[in-house]
>>> print(open('final-v7.txt').read())   # compact mmCIF, C-alpha atoms and all ligand atoms
# COMPACT_ATOMS: atom_id res chain seq x y z
CA MET P 51 52.83 42.04 -10.94
CA LYS P 52 49.59 42.69 -12.82
CA LYS P 53 49.27 40.76 -16.09
CA ILE P 54 47.45 42.72 -18.79
CA SER P 55 46.03 42.03 -22.24
CA ILE P 56 44.73 44.91 -24.34
CA LEU P 57 42.10 44.63 -27.07
CA GLY P 58 42.67 47.70 -29.25
CA SER P 59 46.22 48.50 -28.14
CA THR P 60 46.91 50.90 -31.03
CA GLY P 61 44.00 53.25 -30.33
CA SER P 62 43.56 56.21 -28.02
CA ILE P 63 42.71 54.16 -24.89
CA GLY P 64 45.13 51.36 -25.85
CA THR P 65 48.15 53.65 -26.24
CA GLN P 66 47.32 55.53 -23.03
CA THR P 67 47.07 52.19 -21.21
CA LEU P 68 50.54 51.27 -22.47
CA ASP P 69 51.78 54.70 -21.37
CA ILE P 70 50.57 53.95 -17.82
CA ILE P 71 52.19 50.50 -17.95
CA SER P 72 55.49 51.87 -19.28
CA ARG P 73 55.82 54.22 -16.29
CA GLU P 74 55.81 51.35 -13.79
CA PRO P 75 57.34 48.40 -15.65
CA ASP P 76 57.87 46.45 -12.42
CA ARG P 77 54.16 46.44 -11.65
CA TYR P 78 52.85 45.16 -14.97
CA SER P 79 53.51 42.57 -17.64
CA VAL P 80 51.84 42.71 -21.05
CA GLU P 81 50.52 39.29 -22.04
CA GLY P 82 48.54 40.05 -25.19
CA LEU P 83 47.99 42.92 -27.62
CA ALA P 84 45.30 43.10 -30.31
CA ALA P 85 45.11 45.78 -33.01
CA GLY P 86 43.02 46.30 -36.12
CA SER P 87 45.14 47.48 -39.04
CA ASN P 88 47.90 49.65 -37.57
CA ALA P 89 50.64 47.07 -38.16
CA ASP P 90 53.57 49.49 -37.71
CA LEU P 91 52.46 50.57 -34.25
CA LEU P 92 51.68 47.00 -33.21
CA ILE P 93 55.21 45.95 -34.22
CA GLN P 94 56.69 48.76 -32.09
CA GLN P 95 54.48 47.80 -29.14
CA ALA P 96 55.34 44.10 -29.48
CA ASN P 97 59.08 44.80 -29.51
CA ARG P 98 58.85 47.11 -26.52
CA PHE P 99 56.43 45.18 -24.27
CA LYS P 100 57.15 41.62 -25.47
CA PRO P 101 53.63 40.20 -25.16
CA ARG P 102 53.21 36.46 -25.52
CA THR P 103 50.40 36.85 -28.11
CA VAL P 104 49.62 39.56 -30.67
CA CYS P 105 46.66 39.87 -33.02
CA LEU P 106 45.78 41.86 -36.14
CA ALA P 107 42.45 42.10 -37.94
CA SER P 108 43.39 39.94 -40.95
CA LYS P 109 45.66 37.09 -41.95
CA ALA P 110 47.32 39.25 -44.63
CA LEU P 111 48.30 41.89 -42.06
CA ALA P 112 49.47 39.22 -39.64
CA GLU P 113 51.76 37.72 -42.31
CA GLU P 114 53.15 41.20 -42.99
CA VAL P 115 54.18 41.76 -39.37
CA ARG P 116 55.46 38.24 -38.66
CA PRO P 117 59.13 38.89 -39.64
CA HIS P 118 59.25 41.98 -37.39
CA LEU P 119 58.05 40.38 -34.16
CA PRO P 120 60.28 39.12 -31.33
CA ALA P 121 61.11 35.43 -31.72
CA GLY P 122 58.51 33.17 -30.15
CA THR P 123 55.61 35.64 -30.31
CA ASN P 124 52.31 33.85 -30.85
CA LEU P 125 50.70 35.60 -33.84
CA VAL P 126 46.93 35.33 -34.35
CA TYR P 127 44.37 37.25 -36.40
CA GLY P 128 40.70 38.09 -36.91
CA ASP P 129 37.86 37.65 -34.46
CA GLU P 130 39.20 34.25 -33.35
CA GLY P 131 42.56 35.85 -32.67
CA LEU P 132 40.90 38.57 -30.63
CA ILE P 133 39.30 35.87 -28.47
CA GLU P 134 42.73 34.26 -28.07
CA VAL P 135 44.22 37.54 -26.79
CA ALA P 136 41.22 38.04 -24.49
CA ALA P 137 41.02 34.56 -23.02
CA GLY P 138 44.02 32.47 -24.02
CA THR P 139 46.89 34.24 -22.26
CA ASP P 140 48.00 34.39 -18.62
CA ALA P 141 46.54 37.90 -18.23
CA ASP P 142 44.51 38.53 -15.10
CA THR P 143 43.02 41.75 -16.53
CA VAL P 144 41.77 42.49 -20.04
CA VAL P 145 41.48 46.14 -21.11
CA THR P 146 38.69 46.34 -23.68
CA ALA P 147 39.87 49.33 -25.71
CA ILE P 148 38.54 48.12 -29.05
CA VAL P 149 35.80 50.21 -30.60
CA GLY P 150 32.31 48.87 -31.29
CA SER P 151 30.12 45.87 -30.52
CA ARG P 152 32.68 43.72 -32.36
CA GLY P 153 34.30 43.54 -28.90
CA LEU P 154 31.42 41.51 -27.42
CA PRO P 155 32.51 37.90 -28.14
CA ALA P 156 36.07 38.55 -26.92
CA THR P 157 34.81 40.30 -23.77
CA LEU P 158 32.52 37.36 -22.99
CA ALA P 159 35.39 34.94 -23.63
CA ALA P 160 37.59 36.90 -21.22
CA ILE P 161 34.86 36.78 -18.56
CA ASP P 162 34.40 33.04 -19.11
CA ALA P 163 38.16 32.63 -18.63
CA GLY P 164 37.91 34.47 -15.29
CA LYS P 165 39.71 37.67 -16.33
CA SER P 166 38.89 41.02 -14.73
CA ILE P 167 37.61 43.47 -17.30
CA ALA P 168 38.80 47.09 -17.45
CA LEU P 169 35.96 48.23 -19.66
CA ALA P 170 36.37 51.11 -22.09
CA ASN P 171 34.37 49.46 -24.89
CA LYS P 172 30.94 50.82 -23.89
CA GLU P 173 29.26 49.43 -27.04
CA THR P 174 29.65 45.92 -25.56
CA LEU P 175 27.55 46.76 -22.50
CA VAL P 176 25.00 48.66 -24.53
CA THR P 177 24.46 45.86 -27.00
CA ALA P 178 24.31 43.01 -24.46
CA GLY P 179 24.33 44.44 -20.94
CA HIS P 180 22.04 41.75 -19.52
CA ILE P 181 24.34 38.99 -20.79
CA VAL P 182 27.67 40.61 -19.87
CA MET P 183 26.63 41.55 -16.32
CA LYS P 184 25.07 38.16 -15.58
CA ARG P 185 28.07 36.30 -17.00
CA ALA P 186 30.44 38.42 -14.89
CA ALA P 187 28.36 37.90 -11.74
CA ASP P 188 28.11 34.14 -12.33
CA ARG P 189 31.86 33.91 -12.91
CA GLY P 190 32.70 36.27 -10.00
CA VAL P 191 34.57 38.57 -12.36
CA SER P 192 34.96 42.34 -11.79
CA ILE P 193 34.01 44.83 -14.45
CA LEU P 194 35.91 48.02 -13.68
CA PRO P 195 34.86 51.12 -15.61
CA VAL P 196 37.42 53.02 -17.69
CA ASP P 197 34.95 55.48 -19.24
CA SER P 198 35.61 58.75 -17.38
CA GLU P 199 32.02 59.34 -16.21
CA HIS P 200 31.59 55.77 -14.99
CA SER P 201 34.95 55.78 -13.26
CA ALA P 202 33.79 59.00 -11.56
CA ILE P 203 30.52 57.42 -10.40
CA PHE P 204 32.37 54.29 -9.30
CA GLN P 205 34.72 56.43 -7.20
CA CYS P 206 31.82 58.45 -5.72
CA LEU P 207 30.00 55.25 -4.74
CA ASN P 208 33.02 53.75 -3.01
CA GLY P 209 31.93 52.51 0.43
CA GLU P 210 28.35 53.81 0.00
CA ARG P 211 25.20 51.69 0.32
CA SER P 212 23.18 51.42 -2.89
CA ILE P 213 20.00 52.09 -0.87
CA ASP P 214 21.36 55.57 -0.05
CA VAL P 215 21.80 56.61 -3.69
CA LYS P 216 19.09 58.99 -4.93
CA GLN P 217 20.35 59.59 -8.47
CA ILE P 218 23.47 59.96 -10.56
CA THR P 219 24.36 62.62 -13.11
CA LEU P 220 26.68 62.08 -16.05
CA THR P 221 28.31 65.24 -17.31
CA ALA P 222 28.59 65.95 -21.05
CA SER P 223 30.95 68.44 -22.63
CA GLY P 224 28.48 69.06 -25.49
CA GLY P 225 31.09 67.93 -28.03
CA SER P 226 32.54 69.80 -30.97
CA PHE P 227 29.35 71.70 -31.85
CA ARG P 228 28.23 72.56 -28.34
CA ASP P 229 27.89 76.28 -29.09
CA ARG P 230 25.96 75.82 -32.34
CA THR P 231 22.21 75.68 -32.90
CA ARG P 232 20.72 72.82 -34.92
CA GLU P 233 20.40 75.18 -37.90
CA GLN P 234 24.15 75.79 -37.74
CA LEU P 235 24.84 72.04 -38.10
CA THR P 236 23.93 71.99 -41.79
CA GLY P 237 27.05 71.41 -43.86
CA VAL P 238 29.49 70.85 -40.98
CA THR P 239 32.58 68.91 -42.04
CA VAL P 240 34.10 65.71 -40.70
CA ALA P 241 37.19 67.66 -39.63
CA GLU P 242 35.06 70.10 -37.62
CA ALA P 243 33.14 67.25 -36.00
CA LEU P 244 36.40 65.54 -35.01
CA ASN P 245 37.62 68.63 -33.16
CA HIS P 246 36.55 67.80 -29.59
CA PRO P 247 37.03 70.73 -27.20
CA ASN P 248 38.42 68.79 -24.21
CA TRP P 249 39.45 65.25 -25.06
CA SER P 250 41.71 63.71 -27.70
CA MET P 251 39.94 60.44 -28.59
CA GLY P 252 39.31 58.02 -31.44
CA ALA P 253 37.11 59.17 -34.32
CA LYS P 254 33.99 57.18 -33.46
CA VAL P 255 33.61 58.36 -29.86
CA THR P 256 34.44 61.94 -30.90
CA ILE P 257 31.56 61.97 -33.42
CA ASP P 258 29.32 60.34 -30.78
CA SER P 259 30.19 63.18 -28.40
CA ALA P 260 29.09 65.72 -30.99
CA THR P 261 25.72 63.99 -31.65
CA MET P 262 25.32 63.20 -27.91
CA ALA P 263 24.91 59.52 -28.87
CA ASN P 264 27.98 59.02 -26.66
CA LYS P 265 26.08 60.22 -23.62
CA GLY P 266 23.19 57.99 -24.68
CA LEU P 267 25.50 54.98 -24.81
CA GLU P 268 26.87 56.06 -21.43
CA VAL P 269 23.40 56.28 -19.87
CA ILE P 270 22.78 52.66 -20.88
CA GLU P 271 26.30 51.70 -19.75
CA ALA P 272 25.58 53.31 -16.34
CA HIS P 273 22.27 51.46 -16.06
CA TRP P 274 24.13 48.14 -16.31
CA LEU P 275 27.22 49.02 -14.31
CA PHE P 276 25.39 50.58 -11.37
CA ASP P 277 22.07 48.73 -11.56
CA LEU P 278 20.03 51.95 -11.64
CA PRO P 279 16.72 52.61 -13.43
CA TYR P 280 16.78 55.22 -16.18
CA ASP P 281 14.76 57.78 -14.21
CA ARG P 282 17.66 57.97 -11.73
CA ILE P 283 20.31 58.57 -14.40
CA ASN P 284 20.60 62.20 -15.52
CA VAL P 285 22.76 64.07 -17.99
CA LEU P 286 23.98 67.64 -17.56
CA ILE P 287 26.02 69.73 -19.99
CA HIS P 288 29.28 70.86 -18.39
CA PRO P 289 31.52 72.36 -21.09
CA GLU P 290 34.80 72.22 -19.12
CA SER P 291 34.74 68.43 -18.41
CA ILE P 292 36.27 69.05 -14.97
CA ILE P 293 33.48 67.43 -12.98
CA HIS P 294 33.51 63.98 -14.51
CA SER P 295 30.13 63.00 -12.97
CA TYR P 296 28.45 62.95 -9.57
CA VAL P 297 26.11 61.06 -7.23
CA GLU P 298 23.33 62.57 -5.16
CA PHE P 299 22.41 60.66 -2.00
CA VAL P 300 19.04 60.51 -0.24
CA ASP P 301 20.17 63.15 2.28
CA HIS P 302 20.85 65.48 -0.73
CA SER P 303 24.59 65.32 -0.21
CA ILE P 304 26.40 65.25 -3.53
CA ILE P 305 29.74 63.58 -4.10
CA ALA P 306 31.46 64.44 -7.37
CA GLN P 307 34.77 63.34 -8.88
CA LEU P 308 36.84 66.12 -10.46
CA GLY P 309 40.13 66.39 -12.30
CA ILE P 310 41.90 67.65 -15.40
CA PRO P 311 40.47 65.75 -18.41
CA ASP P 312 43.07 63.00 -18.91
CA MET P 313 41.99 59.42 -19.55
CA ARG P 314 45.15 58.05 -17.94
CA VAL P 315 43.55 58.70 -14.54
CA PRO P 316 40.49 56.45 -15.00
CA ILE P 317 42.51 53.91 -16.99
CA GLN P 318 45.04 53.59 -14.20
CA TYR P 319 42.36 53.46 -11.51
CA ALA P 320 40.75 50.50 -13.28
CA LEU P 321 44.14 48.75 -13.28
CA THR P 322 45.18 49.51 -9.69
CA TYR P 323 41.80 49.63 -7.87
CA PRO P 324 41.46 49.96 -4.91
CA GLU P 325 44.96 51.44 -4.80
CA ARG P 326 45.67 54.91 -6.17
CA ARG P 327 48.99 55.59 -7.87
CA VAL P 328 50.66 58.79 -9.10
CA THR P 329 49.61 59.72 -12.65
CA PRO P 330 51.47 61.93 -15.14
CA THR P 331 48.58 64.43 -15.28
CA ASP P 332 48.52 67.91 -13.68
CA SER P 333 46.62 68.46 -10.46
CA LEU P 334 43.54 70.64 -10.53
CA ASN P 335 44.14 74.11 -9.06
CA PHE P 336 40.81 75.52 -7.86
CA ALA P 337 42.32 78.99 -7.33
CA LYS P 338 43.12 79.14 -11.05
CA LEU P 339 39.72 77.90 -12.23
CA SER P 340 37.82 81.02 -13.23
CA ALA P 341 34.43 79.29 -13.41
CA LEU P 342 32.63 76.03 -14.07
CA HIS P 343 29.53 76.16 -16.27
CA PHE P 344 26.43 73.98 -16.52
CA ARG P 345 23.50 73.83 -18.93
CA GLU P 346 20.37 71.74 -18.75
CA MET P 347 20.23 68.99 -21.39
CA ASP P 348 18.10 69.91 -24.41
CA PHE P 349 16.59 66.74 -25.87
CA GLU P 350 15.34 68.61 -28.98
CA ARG P 351 18.86 69.79 -29.75
CA TYR P 352 20.26 66.30 -29.13
CA PRO P 353 17.67 63.73 -30.33
CA CYS P 354 20.24 60.87 -30.24
CA LEU P 355 20.24 61.13 -26.46
CA ARG P 356 16.44 60.92 -26.43
CA PHE P 357 16.57 57.82 -28.66
CA ALA P 358 19.06 56.23 -26.26
CA TYR P 359 16.83 56.76 -23.22
CA GLU P 360 13.85 55.38 -25.18
CA CYS P 361 15.84 52.31 -26.24
CA GLY P 362 17.27 51.80 -22.76
CA ILE P 363 13.81 51.94 -21.20
CA ALA P 364 12.35 49.67 -23.92
CA GLY P 365 15.20 47.20 -23.28
CA LYS P 366 15.12 43.82 -25.06
CA SER P 367 16.78 44.26 -28.48
CA ALA P 368 16.30 48.05 -28.70
CA PRO P 369 19.74 49.04 -27.30
CA THR P 370 21.42 46.60 -29.72
CA VAL P 371 19.71 48.33 -32.63
CA PHE P 372 20.54 51.78 -31.27
CA ASN P 373 24.20 50.87 -31.02
CA ALA P 374 24.61 49.04 -34.34
CA ALA P 375 22.68 51.64 -36.36
CA ASN P 376 24.72 54.38 -34.72
CA GLU P 377 28.02 52.62 -35.47
CA THR P 378 27.06 52.31 -39.13
CA ALA P 379 25.76 55.88 -39.40
CA VAL P 380 28.95 57.27 -37.84
CA ALA P 381 31.11 55.19 -40.19
CA ARG P 382 29.10 56.51 -43.14
CA PHE P 383 29.51 60.10 -41.94
CA LEU P 384 33.26 59.60 -41.52
CA ALA P 385 33.40 58.13 -45.05
CA GLY P 386 31.63 61.22 -46.46
CA GLU P 387 28.50 59.28 -47.48
CA ILE P 388 26.00 61.12 -45.27
CA THR P 389 25.88 64.50 -43.55
CA PHE P 390 26.27 65.06 -39.84
CA LEU P 391 22.51 65.60 -39.32
CA GLU P 392 21.77 62.44 -41.31
CA ILE P 393 23.43 60.39 -38.56
CA GLU P 394 20.36 60.96 -36.42
CA SER P 395 17.94 60.51 -39.36
CA VAL P 396 19.47 57.12 -40.15
CA LEU P 397 19.32 56.14 -36.50
CA SER P 398 15.72 57.23 -36.19
CA ALA P 399 14.68 55.38 -39.38
CA VAL P 400 16.33 52.12 -38.30
CA LEU P 401 14.73 52.31 -34.86
CA ASP P 402 11.31 52.87 -36.49
CA ARG P 403 11.71 49.73 -38.62
CA HIS P 404 12.88 47.47 -35.82
CA ASP P 405 10.70 44.62 -34.53
CA ILE P 406 11.59 44.03 -30.90
CA VAL P 407 13.19 40.68 -29.99
CA GLU P 408 12.05 39.75 -26.48
CA VAL P 409 15.08 38.49 -24.50
CA PRO P 410 17.90 38.27 -27.01
CA ASP P 411 20.65 35.71 -26.42
CA THR P 412 24.08 36.17 -28.02
CA SER P 413 22.96 34.63 -31.28
CA ALA P 414 19.84 36.85 -31.49
CA ILE P 415 22.00 39.86 -30.64
CA ALA P 416 24.34 39.02 -33.50
CA ASP P 417 21.34 38.76 -35.86
CA VAL P 418 19.75 42.00 -34.66
CA ASP P 419 23.11 43.79 -34.84
CA ALA P 420 23.64 42.59 -38.43
CA TRP P 421 20.09 43.58 -39.42
CA ALA P 422 20.51 47.08 -37.96
CA ARG P 423 23.84 47.55 -39.77
CA ARG P 424 22.38 46.38 -43.10
CA THR P 425 19.36 48.62 -42.69
CA ALA P 426 21.44 51.65 -41.67
CA ALA P 427 23.75 51.07 -44.62
CA GLY P 428 20.81 51.08 -47.03
CA ILE P 429 19.13 54.31 -45.94
N1 LIG P 501 39.34 57.57 -26.39
C1 LIG P 501 38.80 57.88 -25.24
O1 LIG P 501 39.25 58.81 -24.55
C2 LIG P 501 37.64 57.11 -24.72
C3 LIG P 501 37.18 55.98 -25.38
N2 LIG P 501 36.18 55.23 -24.84
C4 LIG P 501 35.75 54.02 -25.51
O2 LIG P 501 36.86 53.17 -25.68
C5 LIG P 501 36.74 52.43 -26.89
C6 LIG P 501 37.97 52.72 -27.74
O3 LIG P 501 37.97 54.08 -28.09
P1 LIG P 501 39.23 54.80 -28.73
O4 LIG P 501 40.47 54.31 -28.07
O5 LIG P 501 38.93 56.22 -28.72
O6 LIG P 501 39.16 54.25 -30.22
P2 LIG P 501 40.28 54.26 -31.34
O7 LIG P 501 39.59 54.36 -32.64
O8 LIG P 501 41.34 55.26 -31.03
O9 LIG P 501 40.94 52.82 -31.18
C7 LIG P 501 40.21 51.67 -31.50
C8 LIG P 501 41.11 50.46 -31.38
O10 LIG P 501 40.37 49.32 -31.82
C9 LIG P 501 41.18 48.63 -32.78
N3 LIG P 501 40.37 47.88 -33.71
C10 LIG P 501 39.53 48.35 -34.64
N4 LIG P 501 39.01 47.32 -35.35
C11 LIG P 501 39.57 46.20 -34.86
C12 LIG P 501 39.45 44.83 -35.19
N5 LIG P 501 38.68 44.40 -36.18
N6 LIG P 501 40.16 43.93 -34.46
C13 LIG P 501 40.96 44.34 -33.46
N7 LIG P 501 41.10 45.64 -33.11
C14 LIG P 501 40.42 46.54 -33.81
C15 LIG P 501 41.97 49.72 -33.45
O11 LIG P 501 43.06 49.17 -34.15
P3 LIG P 501 43.81 49.92 -35.37
O12 LIG P 501 43.93 51.35 -35.00
O13 LIG P 501 45.11 49.19 -35.40
O14 LIG P 501 42.99 49.69 -36.60
C16 LIG P 501 42.36 50.53 -32.24
O15 LIG P 501 43.42 49.92 -31.56
C17 LIG P 501 35.43 52.89 -27.54
O16 LIG P 501 34.41 52.01 -27.18
C18 LIG P 501 35.19 54.26 -26.91
O17 LIG P 501 33.83 54.62 -26.87
C19 LIG P 501 35.59 55.57 -23.64
C20 LIG P 501 35.99 56.68 -22.98
C21 LIG P 501 37.02 57.56 -23.48
C1 LIG P 502 36.60 60.87 -22.09
C2 LIG P 502 35.34 60.14 -22.11
O1 LIG P 502 34.96 59.49 -21.17
C3 LIG P 502 34.48 60.26 -23.29
O2 LIG P 502 33.59 59.19 -23.41
C4 LIG P 502 33.76 61.53 -23.01
O3 LIG P 502 32.60 61.20 -22.36
C5 LIG P 502 33.63 62.40 -24.16
O4 LIG P 502 33.16 63.61 -23.73
P1 LIG P 502 31.65 64.09 -23.92
O5 LIG P 502 30.81 62.93 -24.32
O6 LIG P 502 31.30 64.63 -22.59
O7 LIG P 502 31.78 65.13 -24.98
MN MN P 503 32.85 59.04 -21.39
>>> encode(input="final-v7.txt", output="structure tokens", more="lines below")
Ligand SMILES: NC(=O)C1=CN([C@@H]2O[C@H](COP(=O)(O)OP(=O)(O)OC[C@H]3O[C@@H](n4cnc5c(N)ncnc54)[C@H](OP(=O)(O)O)[C@@H]3O)[C@@H](O)[C@H]2O)C=CC1
Ligand SMILES: CC(=O)[C@@H](O)[C@H](O)COP(=O)(O)O
Ligand SMILES: [Mn+2]
Amino acid sequence: MKKISILGSTGSIGTQTLDIISREPDRYSVEGLAAGSNADLLIQQANRFKPRTVCLASKALAEEVRPHLPAGTNLVYGDEGLIEVAAGTDADTVVTAIVGSRGLPATLAAIDAGKSIALANKETLVTAGHIVMKRAADRGVSILPVDSEHSAIFQCLNGERSIDVKQITLTASGGSFRDRTREQLTGVTVAEALNHPNWSMGAKVTIDSATMANKGLEVIEAHWLFDLPYDRINVLIHPESIIHSYVEFVDHSIIAQLGIPDMRVPIQYALTYPERRVTPTDSLNFAKLSALHFREMDFERYPCLRFAYECGIAGKSAPTVFNAANETAVARFLAGEITFLEIESVLSAVLDRHDIVEVPDTSAIADVDAWARRTAAGI
């Protein structure tokens, strides 16, 4: 029986995790669920999966749901509550399906409590990769990737020696505007930007896919997960999202991981590793695939990806600023305050104003993150 807590249970990754769990109820127990503001869905989840602890973003929301929870449920709220769900239950594995660097303290608390991390929340690794990876190594805790590209690389590397790896390539669909020029991005709407061609995901990651900031976050995520320098991490546009990513070895052999785009495959693999279980997704039929396409990455078309490489290579506090400024710019775009192209202008302006902090600890990261958000909000 695997004991699971989920941070962000009401979102795209959270609900798909519960779908996996619901298909094999004898293999899993749900110990903790944390949501933001979707109280109705959290109530449904709590009554179905009977977690010991549930959390909502605020005290007011928590009071609202209290009468609708199974008797004896431990109800918590806010960032402290999130830490309680991450570290204070009997879970052996915590699925970090919350969005944004807000997930960092709870992820660190889970690691400190010895929980395995099934990591979807890439912003956590981007903002504090050096701290998260060291903490996990010191505590002997596994960090298993949920992000589709990183799950692919993880699967390709299985049983291989790191010395034999030449380079890795993360594939990118190109997002909702992949067939448009930069000139054609003027005036695009939020609804258009949210229309991802291959994946149904939360709003933030869908906008990141369209700006290619998502692939930038993923490059930095890969750097930390696989301990590779940035000049051995490539990105290639692959509009079909069938090849989820691949590894090239020193003998020029390439091992790729392929499949129908369905996040339940990497989510489940992170929960059952090293075992593989049946998933509800279709199998890939090569005879019915007419073609797979590839395009070289264009860093002029997608400056957010260029910024991410620059910040990753600069290290120190630069990735924290990249992430926090991007989170704020995306939120502002979704709220109708700035245009799509202004996401990258805001990001660029915040990065220009940033004074590097040498080796940021968690408190310096919190300060830098807050500064970047304030600055991005004021541009
Ligand atoms: N969706 C996907 O296919 C993929 C996502 N990822 C990554 O996974 C993470 C989650 O993405 P996704 O599922 O799409 O995002 P969603 O927006 O769909 O879900 C986000 C979740 O976080 C919760 N949340 C938001 N604020 C708070 C808060 N203050 N306290 C507690 N919970 C909160 C939301 O709760 P509520 O809705 O109740 O407010 C929701 O459950 C992101 O880092 C993303 O980049 C990676 C690969 C693929
Ligand atoms: C499904 C997943 O892993 C997302 O993070 C994905 O990467 C989005 O697709 P693109 O970034 O390739 O558009
Ligand atoms: Mn991804």
>>> closest_residue(input="final-v7.txt", among="P:Gly362, P:Pro289, P:Pro195, P:Pro324", to="ligand MN 503 (chain P)", atoms="only C-alpha atoms and all ligand atoms")
P:Pro195
>>> atom_distance(input="final-v7.txt", atom1="atom CA of P:His273", atom2="atom CA of P:Gln217")
11.3 Å
>>> closest_residue(input="final-v7.txt", among="P:Ser59, P:Ser108, P:Asn264, P:Thr239", to="ligand LIG 502 (chain P)", atoms="all atoms listed in the file")
P:Asn264
>>> residues_near_ligand(input="final-v7.txt", ligand="ligand MN 503 (chain P)", cutoff="6 Å", atoms="all atoms listed in the file", output="MDAnalysis selection string")
chainID P and resid 197:199
>>> residues_near_ligand(input="final-v7.txt", ligand="ligand LIG 502 (chain P)", cutoff="7 Å", atoms="all atoms listed in the file", output="JSON, numbers by chain")
{"P": [197, 198, 199, 221, 222, 223, 224, 225, 249, 255, 256, 259, 260, 262, 264, 265, 291, 313]}
>>> closest_atom_pairs(input="final-v7.txt", of="chain P", to="ligand LIG 501 (chain P)", cutoff="7 Å", atoms="all atoms listed in the file", output="CSV")
residue,atom,partner,partner_atom,distance
P:Leu57,CA,P:LIG501,N7,6.2
P:Gly58,CA,P:LIG501,O15,3.3
P:Ser59,CA,P:LIG501,O15,4.6
P:Thr60,CA,P:LIG501,O15,3.7
P:Gly61,CA,P:LIG501,O9,3.2
P:Ser62,CA,P:LIG501,O4,3.6
P:Ile63,CA,P:LIG501,O4,3.9
P:Gly64,CA,P:LIG501,O4,5.9
P:Ala84,CA,P:LIG501,C13,5.5
P:Ala85,CA,P:LIG501,N7,4.0
P:Gly86,CA,P:LIG501,O14,3.4
P:Ser87,CA,P:LIG501,O14,3.9
P:Asn88,CA,P:LIG501,O13,3.6
P:Ala89,CA,P:LIG501,O13,6.5
P:Leu106,CA,P:LIG501,C13,6.0
P:Ala107,CA,P:LIG501,N6,4.6
P:Gly128,CA,P:LIG501,N6,6.4
P:Asp129,CA,P:LIG501,N6,6.7
P:Leu132,CA,P:LIG501,C13,6.4
P:Ala147,CA,P:LIG501,C6,4.4
P:Ile148,CA,P:LIG501,O10,3.5
P:Val149,CA,P:LIG501,C17,4.1
P:Gly150,CA,P:LIG501,O16,5.6
P:Ala170,CA,P:LIG501,O2,4.2
P:Asn171,CA,P:LIG501,O16,3.4
P:Lys172,CA,P:LIG501,O16,4.9
P:Glu173,CA,P:LIG501,O16,5.8
P:Val196,CA,P:LIG501,C20,6.6
P:Asp197,CA,P:LIG501,C20,4.1
P:Ser198,CA,P:LIG501,C20,6.0
P:Trp249,CA,P:LIG501,O1,6.5
P:Ser250,CA,P:LIG501,O1,6.3
P:Met251,CA,P:LIG501,N1,3.7
P:Gly252,CA,P:LIG501,O5,3.3
P:Ala253,CA,P:LIG501,O7,5.7
P:Lys254,CA,P:LIG501,O7,6.3
P:Val255,CA,P:LIG501,O17,4.8
P:Met313,CA,P:LIG501,O1,5.7
>>> residues_around(input="final-v7.txt", residues="P:His118", least_positions_apart="3", cutoff="9 Å", atoms="all atoms listed in the file", output="compact mmCIF listing (two decimals) with C-alpha atoms, in the coordinates of the input")
# COMPACT_ATOMS: atom_id res chain seq x y z
CA ILE P 93 55.21 45.95 -34.22
CA GLN P 94 56.69 48.76 -32.09
CA ASN P 97 59.08 44.80 -29.51
CA GLU P 114 53.15 41.20 -42.99
CA VAL P 115 54.18 41.76 -39.37
CA ALA P 121 61.11 35.43 -31.72
>>> closest_residue(input="final-v7.txt", among="P:Leu267, P:Leu91, P:Leu119, P:Ile317", to="P:Pro369", atoms="all atoms listed in the file")
P:Leu267
>>> atom_distance(input="final-v7.txt", atom1="atom CA of P:Thr412", atom2="atom CA of P:Arg185")
11.7 Å
>>> atom_distance(input="final-v7.txt", atom1="atom CA of P:Leu321", atom2="atom CA of P:Ile203")
16.4 Å
>>> closest_residue(input="final-v7.txt", among="P:Ala202, P:Arg73, P:Arg102, P:Ile393", to="P:Arg327", atoms="all atoms listed in the file")
P:Arg73
